[in-house]
Amino acid sequence: MPTATVPSRHSYLVRVTHWITTLCFFALLVSGIEIVISHPRFYWGETGNVLTTPLFKLPIPSSRSLVPTGYGYVLPDQNGWSRYLHFQSAWIAVLTGLLYGISGLVTGHFRKDLLPAKADLSWRGVLTVIANHLRFKRPGAAEAWSYNVVQRLTYLLVIFVLFPLVIWTGLAMSPAFVSAFPATVTLLGGRQSARTLHFFISLALLLFLFVHVAMVALAGFRSRLRAMITGTTGSPTERI
Amino acid sequence: MSDLSRRKLITNGLAAAAGVSGLGVAAHLAEKYGLIPPDHGGIYGLGETLTYASQRLLTRHSFAREFSRSQISKPPLANEIAPFNDAFKRLQAGGFADWRLSVDGMVDRPASFSVAQLKSYPSRSQITELSCEEGWTYIAEWIGVPLSYVLDLVGTHPQARYVVYFSIEPDWWESIDMADAMHPQTFLTYGMNGDDLPLGNGGPLRLRLPRQLGYKSVKFITHLTVTDSLKKFGKGLGSASPEGGYAWYAGI
């Protein structure tokens with residue numbers, strides 16, 4: 001009955017920013033794949049084009065006839081709307097991320113929910129969590145209310161390392177932005193290095209997404225999803 | 001209605017009104033300072049406007065990176081171009097001696113320049129990178145006369161806001177704001193790597209601006225118009241690119 005007195009598993013702001021970021025992530029992923037298709041070759045250094053040796057090529061056809069792919073056909077050009085959508089989603093994701101980051105600092109969300117406790121921050125603690133995962137041990141009721149040490153470290157890595165890096169490497173590809181801030185690209189070793197790094201960091205974020213969704217599914221898809229939408233977990237703790 | 005919810009309603013109403021009028025003021029200021037791109041309408045208008053406005057504020061006077069001679073790409077990449085039309089072929093047969101760049105619109109002295117005339121003006125060169133929206137890049141030395149030099153010759157009106165430029169190829173035209181038009185690295189380019197500009201790279205005359213992606217550097221240009229509004233050109237979106245689904249501003 002007194003469910004109204006139970007605190008939310010996730011704050012209103014965390015839930016809203018989570019789903020806006022999710023939408024942006026999918027828009028960035030789809031449009032990013034479309035942009036890569038127009039030149040599925042990657043290089044290292046400042047310059048790279050069909051006359052230079054690539055670092056590696058993706059074994060896919062291209063939307064441009066200039067690119068030698070080995071396929072006898074050219075895919076339709078989708079770069080126009082893909083670029084519009086990519087940058088619009090990037091803007092919304094960055095502004096949402098700023099809101100989340102600032103509120104996380106102000107409310108203590110990072111300190112309370114994501115920073116691992118000193119006691120947990122040991123190899124033994126981390127290995128215990130991993131061992132439990134490998135044995136497919138379902139999380140206990142208490143774990144529906146907080147994150148374990150591996151979760152905390154992963155979320156911190158995504159929020160404070162991968163997201164800033166993907167934004168940095170993205171900005172490093174903008175000819176106007178780097179004209180004002182040339183170090184953005186020179187520190188990375190050149191524009192093509194920035195593009196290649198952007199690709200790999202995006203792959204790391206995609207890997208996180210797969211593991212994240214898989215873990216949610218294993219821990220109890222409906223209750224975890226409900227917690228991120230309504231804030232309530234539906235776990236026994238709620239009815240105490 | 002309880003007092004509490006009424007107070008909440010009033011507070012929220014005031015906050016919403018402040019938000020809307022704040023947005024209104026921001027839009028008015030943005031328009032006044034030229035921070036709204038011509039393709040600001042439609043579902044991608046928000047991102048496009050944020051990109052153009054922020055980059056215009058950050059990069060108005062910044063310079064594209066210049067590279068050393070040893071970094072010039074060998075051989076320079078020539079992108080695919082459609083077969084030349086008859087008008088181009090006629091001028092090509094005459095060694096481009098009759099190639100003209102006409103300049104009109106909001107200028108005091110409309111004029112027409114041959115490539116030889118443009119070459120007689122103080123020549124500048126820059127070793128900059130051409131970045132294609134597809135992802136590839138190359139570095140070349142670009143030789144030409146700054147567009148600002150020619151615009152000063154014809155005398156642009158104070159209310160001029162954009163320069164629209166056209167290729168000899170039909171339906172290939174772009175436009176830039178005055179910040180980019182007057183930028184020292186924006187060239188009417190007639191040479192490359194110490195030689196004439198090859199046809200594949202836009203010869204005999206290409207507008208080159210290294211702070212935007214390659215598709216803004218239109219090849220084979222024959223006509224410039226200075227204007228205060230892009231509404232009367234094409235569909236009013238600023239250039240051929242937004243009509244084909246691409247962003248007008250390509251600084252990103």
# chains A, B, ... in the order shown; residues from 1 in each chain; ligands from 1
>>> interface_residues(of="chain B", to="chain A", cutoff="8 Å", atoms="only C-alpha atoms", output="count of residues only")
35
>>> select_by_dssp(residues="stretch 31-176 of chain A", states="strand (DSSP E or B)", output="list of chain:residue names")
A:Arg41, A:Phe42, A:Gly48, A:Phe56, A:Lys57
>>> write_last_selection(atoms="N, CA and C atoms", output="tab-separated table (two decimals), in the first residue's frame")
chain	number	residue	atom	x	y	z
A	41	ARG	N	36.99	2.83	-45.42
A	41	ARG	CA	38.43	2.62	-45.29
A	41	ARG	C	38.92	3.50	-44.15
A	42	PHE	N	39.90	3.01	-43.39
A	42	PHE	CA	40.43	3.78	-42.26
A	42	PHE	C	41.93	3.93	-42.38
A	48	GLY	N	44.35	10.67	-45.80
A	48	GLY	CA	44.05	9.32	-46.27
A	48	GLY	C	42.98	9.39	-47.33
A	56	PHE	N	43.13	-0.29	-42.42
A	56	PHE	CA	42.28	-1.47	-42.66
A	56	PHE	C	41.04	-1.02	-43.43
A	57	LYS	N	40.38	-2.01	-44.06
A	57	LYS	CA	39.16	-1.72	-44.81
A	57	LYS	C	38.03	-2.57	-44.22
>>> closest_residue(among="B:Ile221, B:Met106, B:Ala140, B:Ala240", to="B:Asp195", atoms="only C-alpha atoms")
B:Ala140
>>> select_by_dssp(residues="stretch 165-241 of chain B", states="helix (DSSP H, G or I)", output="ChimeraX atom specification")
/B:178-181,199-201,214-216,240-241
>>> closest_residue(among="A:Leu153, A:Cys24, A:Ile229, A:Val94", to="A:Ser122", atoms="only C-alpha atoms")
A:Leu153
